[in-house]
There are 2 protein chains.
Amino acid sequence: MKKAVISLSGGLDSATLMARILNDVPSIELHICNFFYGSKQNKYEQIAITKLVKYYSQNHKLVLHKIDLQNIFQHVSSDLLLSGGEIPEGHYEAEIMKKTVVPGRNMLFISIMASIAESIGAYDIYIGVHSGDHHIYPDCRPEFINAAQQAIWYSTDQKIMLRAPFLQKSKADLVAIGHSLQVPYEYTRTCYKDQAIACGKCGSCVERLEAFELNGLKDPIEYEN
Amino acid sequence: MKKAVISLSGGLDSATLMARILNDVPSIELHICNFFYGSKQNKYEQIAITKLVKYYSQNHKLVLHKIDLQNIFQHVSSDLLLSGGEIPEGHYEAEIMKKTVVPGRNMLFISIMASIAESIGAYDIYIGVHSGDHHIYPDCRPEFINAAQQAIWYSTDQKIMLRAPFLQKSKADLVAIGHSLQVPYEYTRTCYKDQAIACGKCGSCVERLEAFELNGLKDPIEYEN
């Protein structure tokens with residue numbers, strides 16, 4: 001059986017990516033990396049991941065890897081982390097959102113995913129970055145993804161390929177894809193803040209709401225106010 | 001003050017690299033990453049690192065970061081790890097030494113080093129790979145180092161450069177450099193096996209002994225027999 005590794009944050013992007021992979025290759029053995037790194041939204045993401053994995057396990061073979069990176073990220077500073085300052089509010093592409101960059105996060109995630117892929121005999125690792133991430137997050141831009149693809153390829157003796165199929169798609173494109181695949185978006189978690197109900201004001205919430213609106217759809221999750 | 005990050009394993013290569021950096025820029029604030037990942041020789045490497053750091057701290061500013069990666073590498077298989085099979089004996093470049101490859105190790109190490117560098121305001125991260133590593137370890141080859149350099153560069157928004165100044169040098173070259181810099185090689189640990197005294201038979205020991213011999217020098221550490 002074909003195997004692959006995916007990073008699932010519990011957010012809209014990676015949930016849509018998972019749905020796409022399972023739709024394309026229903027018999028795939030999909031290894032899910034759930035990274036816990038001390039972000040403010042991590043505990044709510046865990047709930048989302050649990051629901052999504054339970055939902056898709058009904059018809060697919062999923063293997064969940066919970067990976068605790070807190071002792072690594074204690075060396076790292078970012079407002080996205082519990083150790084950092086307040087989450088800024090505003091548009092996702094605003095300069096102030098740069099305070100939510102977590103240095104080296106994707107590089108670290110894909111490194112671990114590649115190690116796991118090599119150990120279990122998978123050839124593909126997937127991440128759900130999209131074009132809306134490019135402006136603020138350097139580790140979501142095409143030049144990074146291309147270089148990382150090369151690095152993973154050579155690191156694994158030309159066995160493993162990093163795949164980012166949504167790299168040139170917008171968040172609205174993802175909602176359109178996910179809607180057609182009936183992704184249970186009510187289970188997903190996008191808000192950056194340390195609160196159970198989504199704030200609707202941080203860059204991440206604003207971008208998500210916009211993406212549903214552009215598709216003429218209503219976001220099924222609950223928002224503050 | 002200029003800062004840099006180095007990965008120190010306690011072995012000959014990284015000890016020589018540290019000596020070179022401290023010799024070139026004596027006032028540097030050198031952040032040392034000591035990765036603990038469940039390898040058979042890890043506990044002996046710790047002793048070596050402690051001695052080396054103590055020695056060089058006499059005249060330099062060193063900051064030690066102990067980073068425990070055991071919960072990540074539990075997902076990974078290799079005979080180098082405590083969880084793996086016996087360490088093979090023979091020449092370092094023999095095919096059988098491939099069983100000591102730890103999938104994705106350097107990729108993971110440099111990812112973490114880059115995150116730390118970005119957090120502390122350093123611009124350079126250093127690893128001590130050399131040409132003797134190329135044959136067996138894909139993550140020590142020039143094509144990997146070049147790609148990883150690009151990935152780190154873009155991941156950090158063009159701030160941080162991966163440096164591998166020994167990439168084209170042999171182990172014998174390193175011993176020559178280290179000898180001229182008076183590296184206390186008696187403190188270093190090279191053997192792959194889970195025993196306090198170096199075995200002298202594993203690929204790593206064989207390569208080290210050869211490197212001293214080629215320089216007409218005696219390796220100051222103790223060997224079995």
# chains A, B, ... in the order shown; residues from 1 in each chain; ligands from 1
>>> closest_atom_pairs(of="chain B", to="chain A", cutoff="6 Å", atoms="only C-alpha atoms", output="Markdown table")
| residue | atom | partner | partner_atom | distance |
| --- | --- | --- | --- | --- |
| B:Val76 | CA | A:Ser119 | CA | 5.3 |
| B:Ser77 | CA | A:Ser119 | CA | 5.8 |
| B:Pro103 | CA | A:Ser115 | CA | 5.1 |
| B:Gly104 | CA | A:Ser115 | CA | 4.9 |
| B:Met107 | CA | A:Ser111 | CA | 5.8 |
| B:Leu108 | CA | A:Ser111 | CA | 5.2 |
| B:Ser111 | CA | A:Leu108 | CA | 5.2 |
| B:Ser115 | CA | A:Gly104 | CA | 4.9 |
| B:Ile116 | CA | A:Val76 | CA | 6.0 |
| B:Ser119 | CA | A:Val76 | CA | 5.3 |
| B:Pro138 | CA | A:Asp157 | CA | 5.4 |
| B:Asp139 | CA | A:Ser155 | CA | 4.5 |
| B:Phe144 | CA | A:Tyr154 | CA | 5.0 |
| B:Ala147 | CA | A:Ala151 | CA | 4.7 |
| B:Ala148 | CA | A:Ala151 | CA | 5.0 |
| B:Gln150 | CA | A:Ala147 | CA | 5.7 |
| B:Ala151 | CA | A:Ala147 | CA | 4.7 |
| B:Tyr154 | CA | A:Phe144 | CA | 5.0 |
| B:Ser155 | CA | A:Asp139 | CA | 4.5 |
| B:Asp157 | CA | A:Pro138 | CA | 5.4 |
>>> select_by_dssp(residues="range 37-215 of chain B", states="alpha helix (DSSP H)", output="PyMOL selection string")
chain B and resi 42-57+70-73+105-120+142-155+171-180+203-214
>>> closest_atom_pairs(of="range 35-140 of chain A", to="range 200-210 of chain A", cutoff="12 Å", atoms="only C-alpha atoms", output="JSON lines")
{"residue": "A:Gln41", "atom": "CA", "partner": "A:Ser204", "partner_atom": "CA", "distance": 11.3}
{"residue": "A:Leu80", "atom": "CA", "partner": "A:Cys202", "partner_atom": "CA", "distance": 11.2}
{"residue": "A:Glu86", "atom": "CA", "partner": "A:Cys202", "partner_atom": "CA", "distance": 10.4}
{"residue": "A:Ile87", "atom": "CA", "partner": "A:Cys202", "partner_atom": "CA", "distance": 7.0}
{"residue": "A:Pro88", "atom": "CA", "partner": "A:Cys202", "partner_atom": "CA", "distance": 6.2}
{"residue": "A:Glu89", "atom": "CA", "partner": "A:Cys202", "partner_atom": "CA", "distance": 4.1}
{"residue": "A:Gly90", "atom": "CA", "partner": "A:Gly203", "partner_atom": "CA", "distance": 5.2}
{"residue": "A:His91", "atom": "CA", "partner": "A:Gly203", "partner_atom": "CA", "distance": 4.7}
{"residue": "A:Tyr92", "atom": "CA", "partner": "A:Gly203", "partner_atom": "CA", "distance": 3.8}
{"residue": "A:Glu93", "atom": "CA", "partner": "A:Gly203", "partner_atom": "CA", "distance": 7.4}
{"residue": "A:Ala94", "atom": "CA", "partner": "A:Gly203", "partner_atom": "CA", "distance": 8.0}
{"residue": "A:Glu95", "atom": "CA", "partner": "A:Gly203", "partner_atom": "CA", "distance": 10.5}
{"residue": "A:Ile96", "atom": "CA", "partner": "A:Gly203", "partner_atom": "CA", "distance": 9.3}
{"residue": "A:Met97", "atom": "CA", "partner": "A:Gly203", "partner_atom": "CA", "distance": 6.8}
{"residue": "A:Lys98", "atom": "CA", "partner": "A:Gly203", "partner_atom": "CA", "distance": 10.4}
{"residue": "A:Lys99", "atom": "CA", "partner": "A:Gly203", "partner_atom": "CA", "distance": 11.2}
{"residue": "A:Thr100", "atom": "CA", "partner": "A:Gly203", "partner_atom": "CA", "distance": 9.7}
{"residue": "A:Ser131", "atom": "CA", "partner": "A:Glu207", "partner_atom": "CA", "distance": 11.8}
{"residue": "A:Gly132", "atom": "CA", "partner": "A:Glu207", "partner_atom": "CA", "distance": 8.3}
{"residue": "A:Asp133", "atom": "CA", "partner": "A:Ser204", "partner_atom": "CA", "distance": 10.0}
{"residue": "A:Ile136", "atom": "CA", "partner": "A:Gly203", "partner_atom": "CA", "distance": 10.7}
>>> residues_around(residues="Gly121 in chain A", least_positions_apart="6", cutoff="10 Å", atoms="only C-alpha atoms", output="PyMOL selection string")
chain A and resi 2-4+159-160
>>> atom_distance(atom1="CA of Pro184 in chain A", atom2="CA of Leu52 in chain A")
7.8 Å
>>> residues_around(residues="range 195-199 of chain B", least_positions_apart="6", cutoff="12 Å", atoms="only C-alpha atoms", output="count of residues only")
30
>>> residues_around(residues="Gly128 in chain B", least_positions_apart="3", cutoff="8 Å", atoms="only C-alpha atoms", output="list in words")
Ser7, Asp13, Ser14, Leu17, Ala164, Pro165, Phe166 and Leu167 of chain B
>>> select_by_dssp(residues="range 6-63 of chain B", states="strand (DSSP E)", output="number ranges by chain")
B: 6-7, 29-36, 61-63
>>> atom_distance(atom1="CA of Tyr126 in chain B", atom2="CA of Ile6 in chain B")
4.7 Å
>>> residues_around(residues="Thr16 in chain A", least_positions_apart="3", cutoff="12 Å", atoms="only C-alpha atoms", output="JSON, numbers by chain")
{"A": [6, 7, 8, 9, 10, 11, 12, 13, 19, 20, 21, 22, 23, 52, 56, 126, 127, 128, 129, 130, 165, 166, 171, 172, 173, 174, 175, 176, 177, 178, 179, 180, 181, 182, 183, 184, 185, 187, 188]}
>>> closest_residue(among="B:His31, B:His135, B:Ile49, B:Met18", to="Lys61 in chain B", atoms="only C-alpha atoms")
B:His31
>>> atom_distance(atom1="CA of Val53 in chain A", atom2="CA of Ile28 in chain A")
14.3 Å
>>> residues_around(residues="Leu64 in chain B", least_positions_apart="5", cutoff="8 Å", atoms="only C-alpha atoms", output="list of chain:residue names")
B:His31, B:Ile32, B:Cys33, B:Asn34
>>> write_last_selection(atoms="N, CA and C atoms", output="mmCIF file, in the first residue's frame")
data_model
loop_
_atom_site.group_PDB
_atom_site.id
_atom_site.type_symbol
_atom_site.label_atom_id
_atom_site.label_comp_id
_atom_site.auth_asym_id
_atom_site.auth_seq_id
_atom_site.Cartn_x
_atom_site.Cartn_y
_atom_site.Cartn_z
ATOM 1 N N HIS B 31 27.471 29.849 20.346
ATOM 2 C CA HIS B 31 26.387 29.041 20.908
ATOM 3 C C HIS B 31 26.541 27.608 20.431
ATOM 4 N N ILE B 32 26.644 26.714 21.390
ATOM 5 C CA ILE B 32 26.937 25.318 21.083
ATOM 6 C C ILE B 32 25.681 24.485 21.221
ATOM 7 N N CYS B 33 25.291 23.807 20.133
ATOM 8 C CA CYS B 33 24.148 22.899 20.209
ATOM 9 C C CYS B 33 24.649 21.500 20.468
ATOM 10 N N ASN B 34 24.180 20.946 21.551
ATOM 11 C CA ASN B 34 24.544 19.583 21.944
ATOM 12 C C ASN B 34 23.254 18.748 21.818
#
